[in-house]
Structure formats: structure tokens, C-alpha cells
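A.B. asks: File query_20.cif follows (mmCIF, C-alpha atoms and all ligand atoms):
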```cif
data_upload
#
loop_
_atom_site.label_atom_id
_atom_site.label_comp_id
_atom_site.auth_asym_id
_atom_site.auth_seq_id
_atom_site.Cartn_x
_atom_site.Cartn_y
_atom_site.Cartn_z
CA MET A 275 0.00 0.00 0.00
CA ILE A 276 1.50 3.26 -1.13
CA SER A 277 -0.17 6.65 -1.55
CA LEU A 278 0.64 10.28 -2.07
CA GLY A 279 -3.03 11.14 -1.60
CA GLU A 280 -4.18 10.61 -5.20
CA GLY A 281 -7.84 10.41 -6.21
CA ASP A 282 -11.00 11.71 -4.52
CA THR A 283 -10.81 14.82 -6.68
CA PRO A 284 -13.64 17.38 -6.65
CA LEU A 285 -16.58 17.24 -9.05
CA VAL A 286 -17.58 20.88 -9.26
CA LYS A 287 -20.91 22.07 -10.63
CA SER A 288 -20.59 24.81 -13.21
CA ASN A 289 -21.64 28.15 -11.82
CA ARG A 290 -21.81 30.23 -15.00
CA LEU A 291 -20.83 28.50 -18.26
CA GLY A 292 -23.44 25.75 -17.99
CA GLU A 293 -26.29 28.26 -17.74
CA GLU A 294 -24.87 30.39 -20.53
CA LEU A 295 -24.53 27.41 -22.84
CA GLY A 296 -27.90 25.83 -22.05
CA VAL A 297 -26.41 22.91 -20.09
CA PRO A 298 -27.76 23.50 -16.57
CA GLU A 299 -26.33 20.22 -15.27
CA LEU A 300 -22.68 20.67 -16.19
CA TYR A 301 -19.89 19.42 -13.94
CA PHE A 302 -16.11 19.61 -14.02
CA LYS A 303 -13.90 16.87 -12.56
CA LEU A 304 -10.76 18.57 -11.28
CA GLU A 305 -7.98 16.09 -11.85
CA GLY A 306 -5.43 18.85 -11.40
CA CYS A 307 -6.04 18.37 -7.67
CA ASN A 308 -4.04 15.14 -7.68
CA PRO A 309 -0.63 15.23 -5.92
CA THR A 310 1.43 15.98 -9.02
CA GLY A 311 -1.30 18.04 -10.65
CA SER A 312 -2.75 15.57 -13.16
CA PHE A 313 -4.85 12.40 -13.43
CA LYS A 314 -1.71 10.36 -14.07
CA ASP A 315 -1.23 9.80 -10.32
CA ARG A 316 -4.27 7.51 -10.16
CA GLY A 317 -2.65 5.05 -12.52
CA MET A 318 0.94 5.61 -11.48
CA VAL A 319 0.30 4.64 -7.86
CA VAL A 320 -1.01 1.24 -9.00
CA ALA A 321 1.72 0.74 -11.62
CA VAL A 322 4.44 1.51 -9.09
CA ALA A 323 2.83 -0.60 -6.34
CA LYS A 324 2.69 -3.54 -8.75
CA ALA A 325 6.27 -2.91 -9.85
CA LEU A 326 7.38 -3.10 -6.21
CA GLU A 327 5.33 -6.25 -5.69
CA GLU A 328 7.17 -7.85 -8.62
CA GLY A 329 10.53 -6.83 -7.20
CA SER A 330 11.21 -4.29 -9.94
CA LYS A 331 14.37 -2.25 -9.52
CA ALA A 332 13.51 0.74 -11.76
CA ILE A 333 10.68 2.29 -13.75
CA MET A 334 10.64 4.03 -17.12
CA CYS A 335 8.25 6.02 -19.28
CA ALA A 336 7.99 8.24 -22.32
CA SER A 337 6.00 11.37 -21.73
CA THR A 338 4.65 14.67 -22.95
CA GLY A 339 5.28 15.74 -19.35
CA ASN A 340 2.61 14.66 -16.90
CA THR A 341 3.37 10.96 -16.89
CA SER A 342 7.04 11.74 -16.25
CA ALA A 343 6.17 14.08 -13.38
CA SER A 344 3.97 11.42 -11.82
CA ALA A 345 6.40 8.53 -12.37
CA ALA A 346 9.20 10.62 -10.88
CA ALA A 347 7.15 11.44 -7.77
CA TYR A 348 6.11 7.86 -7.00
CA ALA A 349 9.62 6.62 -7.73
CA ALA A 350 11.00 9.14 -5.24
CA TYR A 351 8.39 8.09 -2.68
CA CYS A 352 9.33 4.42 -3.10
CA ASP A 353 13.08 4.89 -3.50
CA LEU A 354 13.11 3.52 -7.05
CA PRO A 355 15.15 5.05 -9.87
CA ALA A 356 13.00 6.55 -12.64
CA LEU A 357 14.07 7.03 -16.26
CA VAL A 358 11.93 9.44 -18.23
CA LEU A 359 12.18 10.04 -21.97
CA ILE A 360 10.72 13.29 -23.18
CA PRO A 361 10.53 14.89 -26.62
CA LYS A 362 13.17 17.59 -26.60
CA GLY A 363 11.80 21.12 -26.35
CA GLU A 364 8.17 19.97 -26.30
CA VAL A 365 7.42 19.59 -22.60
CA ALA A 366 5.90 22.40 -20.53
CA MET A 367 8.27 23.96 -17.99
CA GLY A 368 6.27 23.02 -14.88
CA LYS A 369 6.32 19.33 -15.80
CA LEU A 370 10.01 19.30 -16.56
CA ALA A 371 10.67 21.06 -13.26
CA GLN A 372 8.70 18.36 -11.44
CA ALA A 373 10.60 15.44 -12.99
CA MET A 374 13.87 17.15 -12.12
CA ALA A 375 12.81 18.05 -8.58
CA TYR A 376 11.68 14.50 -7.83
CA GLY A 377 15.08 13.29 -8.99
CA ALA A 378 14.25 11.29 -12.10
CA GLN A 379 16.88 10.84 -14.78
CA VAL A 380 15.49 13.03 -17.56
CA ILE A 381 16.54 11.94 -21.04
CA MET A 382 15.63 14.29 -23.88
CA VAL A 383 15.04 12.63 -27.23
CA ASN A 384 15.31 14.30 -30.58
CA GLY A 385 11.92 13.09 -31.70
CA ASN A 386 8.27 13.31 -30.72
CA PHE A 387 6.31 11.38 -28.06
CA ASP A 388 5.55 8.47 -30.38
CA VAL A 389 9.25 7.97 -31.09
CA ALA A 390 10.05 8.17 -27.37
CA LEU A 391 7.38 5.58 -26.51
CA ASP A 392 8.74 3.18 -29.13
CA LEU A 393 12.20 3.58 -27.61
CA VAL A 394 10.89 2.92 -24.09
CA ARG A 395 9.14 -0.24 -25.29
CA GLU A 396 12.34 -1.46 -26.87
CA PHE A 397 14.51 -0.53 -23.89
CA THR A 398 12.23 -2.15 -21.31
CA ALA A 399 12.06 -5.32 -23.44
CA ARG A 400 15.85 -5.54 -23.21
CA HIS A 401 16.35 -4.56 -19.56
CA ALA A 402 14.78 -5.34 -16.19
CA VAL A 403 13.02 -1.99 -15.98
CA THR A 404 9.24 -1.66 -15.59
CA LEU A 405 7.42 0.31 -18.27
CA VAL A 406 4.86 2.63 -16.63
CA ASN A 407 3.17 4.20 -19.64
CA SER A 408 -0.54 3.45 -20.00
CA VAL A 409 0.27 0.38 -22.13
CA ASN A 410 0.97 -1.07 -18.67
CA PRO A 411 -2.54 -2.36 -17.74
CA ASN A 412 -2.02 -1.46 -14.07
CA ARG A 413 -2.13 2.21 -15.07
CA LEU A 414 -5.66 1.85 -16.46
CA GLU A 415 -6.80 -0.05 -13.36
CA GLY A 416 -5.89 3.00 -11.32
CA GLN A 417 -7.26 5.55 -13.74
CA LYS A 418 -10.68 3.88 -13.96
CA THR A 419 -11.35 4.93 -10.35
CA ALA A 420 -12.13 8.44 -11.61
CA ALA A 421 -15.23 6.99 -13.30
CA PHE A 422 -16.24 5.38 -10.00
CA GLU A 423 -15.94 8.74 -8.26
CA VAL A 424 -18.08 10.51 -10.88
CA VAL A 425 -20.85 7.95 -10.36
CA ASP A 426 -20.52 8.10 -6.56
CA ASP A 427 -20.77 11.89 -6.61
CA LEU A 428 -23.70 12.14 -9.04
CA GLY A 429 -25.59 9.13 -7.70
CA ASP A 430 -25.54 7.61 -11.19
CA ALA A 431 -23.48 7.80 -14.37
CA PRO A 432 -23.75 11.07 -16.30
CA ASP A 433 -25.41 11.14 -19.74
CA TYR A 434 -22.28 12.48 -21.42
CA LEU A 435 -18.59 12.48 -20.54
CA PHE A 436 -16.27 14.88 -22.36
CA ILE A 437 -12.58 14.05 -22.20
CA PRO A 438 -9.31 14.98 -23.96
CA VAL A 439 -7.62 12.19 -25.96
CA GLY A 440 -3.87 11.86 -26.45
CA ASN A 441 -2.41 8.39 -26.12
CA ALA A 442 -6.03 7.31 -25.46
CA GLY A 443 -5.37 5.51 -22.17
CA ASN A 444 -7.65 7.72 -20.13
CA ILE A 445 -10.78 7.42 -22.28
CA THR A 446 -10.16 3.65 -22.21
CA ALA A 447 -9.83 3.66 -18.42
CA TYR A 448 -12.99 5.74 -17.83
CA TRP A 449 -15.02 3.50 -20.10
CA LYS A 450 -13.74 0.43 -18.26
CA GLY A 451 -14.66 2.04 -14.94
CA PHE A 452 -18.16 2.99 -16.04
CA LYS A 453 -18.81 -0.49 -17.42
CA GLU A 454 -17.55 -2.21 -14.26
CA TYR A 455 -19.69 0.01 -12.02
CA ARG A 456 -22.72 -0.68 -14.20
CA LEU A 457 -22.07 -4.41 -13.94
CA MET A 458 -21.85 -4.10 -10.14
CA GLU A 459 -25.17 -2.19 -10.24
CA ARG A 460 -23.60 0.89 -8.75
CA SER A 461 -25.10 2.81 -11.68
CA SER A 462 -28.15 2.31 -13.85
CA ARG A 463 -26.72 3.50 -17.16
CA LEU A 464 -23.59 4.29 -19.15
CA PRO A 465 -22.46 7.68 -20.43
CA LYS A 466 -21.81 8.56 -24.04
CA MET A 467 -18.03 8.95 -24.30
CA MET A 468 -17.06 12.15 -26.13
CA GLY A 469 -13.31 12.25 -26.80
CA PHE A 470 -11.44 15.22 -28.24
CA GLN A 471 -8.08 15.41 -29.94
CA ALA A 472 -6.31 18.58 -31.06
CA GLU A 473 -6.82 19.25 -34.77
CA GLY A 474 -3.11 19.02 -35.64
CA ALA A 475 -2.74 15.85 -33.61
CA ALA A 476 -5.94 13.97 -34.43
CA PRO A 477 -4.93 10.56 -35.81
CA ILE A 478 -8.06 8.81 -34.53
CA VAL A 479 -10.35 11.38 -36.16
CA ARG A 480 -8.42 11.23 -39.42
CA GLY A 481 -8.12 7.47 -39.34
CA GLU A 482 -4.34 7.38 -39.81
CA PRO A 483 -1.20 8.03 -37.76
CA ILE A 484 0.30 11.52 -37.99
CA ALA A 485 4.07 11.63 -38.36
CA ASN A 486 4.53 15.17 -37.12
CA PRO A 487 1.67 16.10 -34.76
CA GLN A 488 1.32 19.79 -33.93
CA THR A 489 -0.77 21.60 -31.32
CA ILE A 490 -0.38 24.17 -28.60
CA ALA A 491 -1.74 21.51 -26.21
CA SER A 492 1.62 19.78 -25.79
CA ALA A 493 0.25 17.10 -23.45
CA ILE A 494 -1.81 15.60 -26.29
CA ARG A 495 0.70 16.17 -29.10
CA ILE A 496 0.57 12.49 -30.10
CA GLY A 497 0.39 11.06 -33.61
CA ASN A 498 -0.03 7.33 -33.00
CA PRO A 499 -1.97 6.59 -29.79
CA ALA A 500 -1.14 3.31 -28.07
CA SER A 501 -4.76 2.69 -27.02
CA TRP A 502 -6.24 3.64 -30.41
CA GLN A 503 -8.49 0.60 -30.79
CA SER A 504 -9.86 0.71 -27.24
CA ALA A 505 -10.71 4.40 -27.72
CA LEU A 506 -12.73 3.43 -30.79
CA ASP A 507 -14.41 0.70 -28.76
CA ALA A 508 -15.32 3.22 -26.03
CA ARG A 509 -16.76 5.53 -28.65
CA ASP A 510 -18.73 2.85 -30.47
CA GLU A 511 -19.98 0.87 -27.47
CA SER A 512 -21.16 4.05 -25.76
CA GLY A 513 -22.69 5.70 -28.82
CA GLY A 514 -20.34 8.65 -28.37
CA ALA A 515 -17.91 10.42 -30.66
CA ILE A 516 -14.24 11.26 -31.10
CA ASP A 517 -13.71 14.61 -32.77
CA ALA A 518 -11.04 17.29 -33.09
CA VAL A 519 -10.89 20.84 -31.74
CA SER A 520 -8.62 23.57 -33.09
CA ASP A 521 -5.93 25.31 -31.05
CA ASP A 522 -8.08 28.45 -31.09
CA GLU A 523 -11.04 26.52 -29.71
CA ILE A 524 -8.79 25.00 -27.04
CA LEU A 525 -7.44 28.41 -26.03
CA ASP A 526 -10.92 29.94 -25.91
CA ALA A 527 -12.04 27.12 -23.63
CA TYR A 528 -8.89 27.51 -21.53
CA ARG A 529 -9.59 31.22 -21.00
CA LEU A 530 -13.31 30.72 -20.32
CA LEU A 531 -12.78 28.00 -17.73
CA ALA A 532 -10.35 30.17 -15.81
CA SER A 533 -12.14 33.52 -16.10
CA LYS A 534 -15.74 32.31 -15.72
CA GLU A 535 -15.44 29.26 -13.49
CA GLY A 536 -12.25 29.76 -11.52
CA ILE A 537 -10.84 26.57 -13.05
CA PHE A 538 -7.30 27.02 -14.31
CA CYS A 539 -6.45 23.86 -16.20
CA GLU A 540 -3.76 23.19 -18.75
CA PRO A 541 -4.54 23.61 -22.48
CA ALA A 542 -4.85 19.88 -23.20
CA SER A 543 -7.40 19.66 -20.39
CA ALA A 544 -9.45 22.40 -21.95
CA ALA A 545 -9.98 20.21 -25.02
CA SER A 546 -12.87 18.54 -23.20
CA PHE A 547 -14.76 21.80 -22.64
CA ALA A 548 -13.77 23.02 -26.13
CA GLY A 549 -15.33 19.82 -27.43
CA LEU A 550 -18.52 20.47 -25.50
CA VAL A 551 -18.79 23.98 -26.98
CA LYS A 552 -18.19 22.58 -30.46
CA ALA A 553 -20.81 19.84 -30.01
CA LEU A 554 -23.37 22.41 -28.82
CA ARG A 555 -22.62 24.64 -31.80
CA GLY A 556 -23.12 21.61 -34.00
CA GLY A 557 -26.65 21.28 -32.66
CA LEU A 558 -26.33 18.78 -29.81
CA ASN A 559 -29.04 19.53 -27.23
CA LEU A 560 -27.88 18.91 -23.67
CA ALA A 561 -30.55 20.91 -21.86
CA GLY A 562 -31.88 17.94 -19.90
CA GLU A 563 -28.66 15.95 -19.66
CA LYS A 564 -26.07 15.45 -16.95
CA VAL A 565 -22.73 16.37 -18.50
CA VAL A 566 -19.23 15.94 -17.06
CA CYS A 567 -16.06 17.52 -18.47
CA ILE A 568 -12.77 16.05 -17.30
CA CYS A 569 -10.14 18.69 -16.50
CA THR A 570 -7.10 16.44 -16.65
CA GLY A 571 -4.29 18.69 -15.33
CA THR A 572 -3.63 22.01 -13.64
CA GLY A 573 -2.83 25.21 -15.54
CA LEU A 574 0.24 25.78 -13.39
CA LYS A 575 1.98 23.07 -15.41
CA ASP A 576 2.43 25.49 -18.28
CA PRO A 577 2.99 28.99 -16.87
CA ASP A 578 4.73 30.28 -20.02
CA LEU A 579 1.72 29.56 -22.17
CA ALA A 580 -0.61 31.05 -19.59
CA VAL A 581 1.20 34.34 -19.57
CA SER A 582 1.50 34.53 -23.37
CA ALA A 583 -1.95 33.20 -24.26
CA LEU A 584 -3.93 35.09 -21.70
CA ALA A 585 -2.12 38.34 -22.57
CA THR A 586 -3.92 40.23 -19.83
CA LYS A 587 -2.25 43.57 -19.40
CA THR A 588 -0.69 44.30 -16.06
CA ILE A 589 -0.44 47.90 -14.93
CA GLU A 590 2.46 49.55 -13.16
CA VAL A 591 1.77 52.43 -10.79
CA ALA A 592 3.52 54.59 -8.22
CA PRO A 593 3.12 53.22 -4.68
CA THR A 594 0.28 55.56 -3.65
CA VAL A 595 -3.44 55.02 -3.06
CA GLN A 596 -4.21 57.84 -5.51
CA ALA A 597 -2.32 56.10 -8.28
CA ILE A 598 -4.25 52.91 -7.62
CA GLU A 599 -7.58 54.80 -7.51
CA ALA A 600 -6.76 56.24 -10.91
CA VAL A 601 -6.53 52.81 -12.51
CA ALA A 602 -8.67 50.46 -10.38
CA GLN A 603 -11.55 48.81 -12.23
CA MET A 604 -14.46 48.39 -9.80
CA PRO A 605 -18.22 48.85 -9.54
CA VAL A 606 -19.29 52.48 -9.34
CA GLU A 607 -19.96 53.47 -5.73
N1 LIG B 701 -4.63 15.65 -20.50
C1 LIG B 701 -3.40 15.77 -19.98
C2 LIG B 701 -3.13 16.92 -19.07
C3 LIG B 701 -2.40 14.83 -20.30
O1 LIG B 701 -1.18 14.96 -19.78
C4 LIG B 701 -2.70 13.77 -21.17
C5 LIG B 701 -1.70 12.77 -21.54
C6 LIG B 701 -4.02 13.68 -21.67
C7 LIG B 701 -4.94 14.64 -21.31
C8 LIG B 701 -4.45 12.59 -22.57
O2 LIG B 701 -4.60 11.39 -21.89
O3 LIG B 701 -2.96 10.05 -23.18
O4 LIG B 701 -4.60 8.96 -21.67
O5 LIG B 701 -5.34 10.02 -23.80
N2 LIG B 701 -0.48 12.86 -21.23
C9 LIG B 701 0.52 11.81 -21.45
C10 LIG B 701 1.84 12.16 -20.76
C11 LIG B 701 0.66 11.38 -22.84
O6 LIG B 701 2.90 11.70 -21.20
O7 LIG B 701 1.80 12.85 -19.76
P1 LIG B 701 -4.37 10.02 -22.68
#
```
Show this structure as C-alpha cells.

C.D. replies:
Amino acid sequence: MISLGEGDTPLVKSNRLGEELGVPELYFKLEGCNPTGSFKDRGMVVAVAKALEEGSKAIMCASTGNTSASAAAYAAYCDLPALVLIPKGEVAMGKLAQAMAYGAQVIMVNGNFDVALDLVREFTARHAVTLVNSVNPNRLEGQKTAAFEVVDDLGDAPDYLFIPVGNAGNITAYWKGFKEYRLMERSSRLPKMMGFQAEGAAPIVRGEPIANPQTIASAIRIGNPASWQSALDARDESGGAIDAVSDDEILDAYRLLASKEGIFCEPASAASFAGLVKALRGGLNLAGEKVVCICTGTGLKDPDLAVSALATKTIEVAPTVQAIEAVAQMPVE
């Protein structure tokens, strides 16, 4: 039994955006509240516990950033060495800082995430090192618990679940969780699974791998998802959809969540809400439906993007009350 306090994240009811969009029953699952700031901790704790159980001496992953931060943290907690392969220059500063702080060996690869994951698969096949990407089934066993929590909090499964898709492990894990809970009669129905990739990194939507995926949402900059088929299964079995959202749509959603709901998530996370907005614009009526958007990671992971993308002007003043009164924006008294 190991734990850094992962899971049991808040399911927050929308205070403003749901009403504005005609979705009165809209909820956000705040996975950024996990110990390393993303949903990865749910799966990593199980993967690392199982690695220990098997007598593993080291763990390894490829990552767009969050998996490496999480692996590094649990490795530190359990006194295991962690090797993390990341695409050079493509990982947000907060995530890189985490892997370094937790003491992982960070190996930068001149190549994208897909290349790094192939290398990790090859390396771990040759050496006694446990692979802790989501192709390790223990990861999904941990991640499915988020679906259990959604059902526990709502009293039943939602009608729709909106979720970002990168390597496609998480949509697979949620669907597994919802199905298991349904089988155990903890819920009376199953949600429609609505997955969203970034337009420049949307292999599942396009139906073919993308050699050079591009998007501002670096966490989901993935051209050949490992859990491709199981994401299609989740979509088809649930009667849902997997679609793409543009970087502009992602950034709009990112700004709206922060400024209108007080939810500062990272850009990849905002793909779920961006997908909801797109689906509504396309005519989907969710007025009577319970809808959950998964916010997969905290906005503090990517402070550089926040400052550049939000572009809110800061004001400099002399240190006097008068100077502040001259610029302060507040209700008229
Ligand atoms: N949101 C965030 C914040 C992520 O970090 C990821 C994946 C996803 C969504 C997509 O989840 O891959 O299960 O479909 N990040 C991985 C990483 C790839 O290396 O941290 P997925």
C-alpha cells in the first residue's frame, strides 16, 4: 500500500458556463487536484505498487510531461530510480521542473512522443526496468477509479462524458470504470463517451497516424496513440464520438474556464470543454442531460503559455493610493 493522496478529486458544478450554454447540469472533474497536478497519479500509484510487488528495480516512461512528473514522484516516494524520456523542447516547464525536482533521470530525445514511446518499449524489453506508460494495464486499473468517483458523486453515471484524448489511455480507463460500475449495479446506465483530440494531432479522427503532430496543447501532441483501438471501442460501445478541436477553440475554452469558473487547467485539459462547446454549436441539445467535463491537469503546469496566451495587461503604478484609484476597475460606488 503506497499513496501520495491521489484520487478523490472534486466534481464541481458549473456556476456560469453551464447556464450560458444551455447545459444546466454541467460538472467539471478537477484532476489537477491530484498530488502531481494531473490524473496520471491515479494510474501511477497502481503501476508503481505492482512494480514493487514484482521486485522491480527501476521504472521508465515516455512522456509529454505529466506521466514523467507522476512517475518521478512515486519513484522518489518508493526509493526507485525513474528514467523518463521526453521529446526535446516539447514539454511544458512546470512538468520538466517536477521530474527534475523528484530526482528522475530526464533523457531528452530528438523526436516526438511516439518515437520516445517506441524507444521505451524497446529498452524495457531488453532490460529489467518496468514500463509505466498506459500500455501497462495497471495504469488503467488505477485511472478507472475516476469513473467510479463521478458515479458516486452524481448518484448515477452522467449522460455524457467529455474528455481529452492523447495516447487514449484515459478514455479507455474511464469507459472500463463505467462499465464495471454498471455491472456491479452501482449505476443504472452508461455515459456517451465524447473524446477530443487537437486538430493538428488527431490521428483517430483522421483514421491514420500523424508523423509530425502539432498543437499548442503539448500534453496531447501524439500522432499514433497506443490505445487507439480501445478508444474506438469506447466511442462505439457508448454511442459517443471522437472529434477534433482547433488550437483556437482550445485556447478559448482555456480562457473561459479560468475567467468564468475559476478553473485554471492546462490547455490539453481544456480540449474537453472546447469539445462540449463545439458539439453544442453543431446542434447537440444537452438541456436535460447530466454532463461531465474532465479537467485532466492544472494550468500551473504550463505557466509560459498562460502568460502569453492570456495576454492580460498588467499595470504599473507609483506606490500611492491615488495612483491605484486612478486605474482600479471596480463597480461604481
Ligand atoms: N490531459 C493531460 C493533461 C495529459 O497529460 C494527457 C496525456 C491527456 C490529457 C491525454 O490522456 O494520453 O490517456 O489520452 N499525457 C501523457 C503524458 C501522454 O505523457 O503525460 P491520454

A.B. asks: With distances taken over all atoms listed in the file, which residue among A:Gln488, A:Gln372, A:Ser462, A:Thr419 lies nearest Ala431 in chain A?

C.D. replies: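 Of A:Gln488, A:Gln372, A:Ser462, A:Thr419, the one nearest Ala431 in chain A is A:Ser462, counting all atoms listed in the file.
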
A.B. asks: Could you list, as a list in words, all the residues within 6 Å of ligand LIG 701 (chain B), counting only C-alpha atoms and all ligand atoms?

C.D. replies: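 The distance check yields Ser337, Thr338, Gly339, Asn340, Thr341, Pro438, Val439, Gly440, Asn441, Ala442, Gly443, Asn444, Ala493, Ile494, Ala542, Ser543, Thr570 and Gly571 of chain A.
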
A.B. asks: Include C-alpha atoms and write out the residues we just selected as an mmCIF file, keeping the file's coordinate frame.

C.D. replies:
```cif
data_model
loop_
_atom_site.group_PDB
_atom_site.id
_atom_site.type_symbol
_atom_site.label_atom_id
_atom_site.label_comp_id
_atom_site.auth_asym_id
_atom_site.auth_seq_id
_atom_site.Cartn_x
_atom_site.Cartn_y
_atom_site.Cartn_z
ATOM 1 C CA SER A 337 6.000 11.370 -21.730
ATOM 2 C CA THR A 338 4.650 14.670 -22.950
ATOM 3 C CA GLY A 339 5.280 15.740 -19.350
ATOM 4 C CA ASN A 340 2.610 14.660 -16.900
ATOM 5 C CA THR A 341 3.370 10.960 -16.890
ATOM 6 C CA PRO A 438 -9.310 14.980 -23.960
ATOM 7 C CA VAL A 439 -7.620 12.190 -25.960
ATOM 8 C CA GLY A 440 -3.870 11.860 -26.450
ATOM 9 C CA ASN A 441 -2.410 8.390 -26.120
ATOM 10 C CA ALA A 442 -6.030 7.310 -25.460
ATOM 11 C CA GLY A 443 -5.370 5.510 -22.170
ATOM 12 C CA ASN A 444 -7.650 7.720 -20.130
ATOM 13 C CA ALA A 493 0.250 17.100 -23.450
ATOM 14 C CA ILE A 494 -1.810 15.600 -26.290
ATOM 15 C CA ALA A 542 -4.850 19.880 -23.200
ATOM 16 C CA SER A 543 -7.400 19.660 -20.390
ATOM 17 C CA THR A 570 -7.100 16.440 -16.650
ATOM 18 C CA GLY A 571 -4.290 18.690 -15.330
#
```

A.B. asks: So which one's closest to Gly573 in chain A, A:Ser312, A:Asp510, A:Ala345, A:Val403? Using only C-alpha atoms, please.

C.D. replies: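 Closest to Gly573 in chain A of all the choices is A:Ser312.
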
A.B. asks: To one decimal place, how far is CA of Glu305 in chain A from CA of Ser461 in chain A in Å?

C.D. replies: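 These atoms are spaced 21.7 Å apart.
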
A.B. asks: Determine the nearest neighbour of Ile360 in chain A from the options A:Ser492, A:Pro298, A:Glu459, A:Gly311, counting all atoms listed in the file.

C.D. replies: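 Closest candidate: A:Ser492.
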
A.B. asks: Draw an axis-aligned box over all listed atoms of range 288-291 of chain A, pad each side with 4 Å, and write its centre and edge lengths in Å, one decimal, as lines of an AutoDock Vina configuration file.

C.D. replies:
```
center_x = -21.2
center_y = 27.5
center_z = -15.0
size_x = 9.2
size_y = 13.4
size_z = 14.4
```
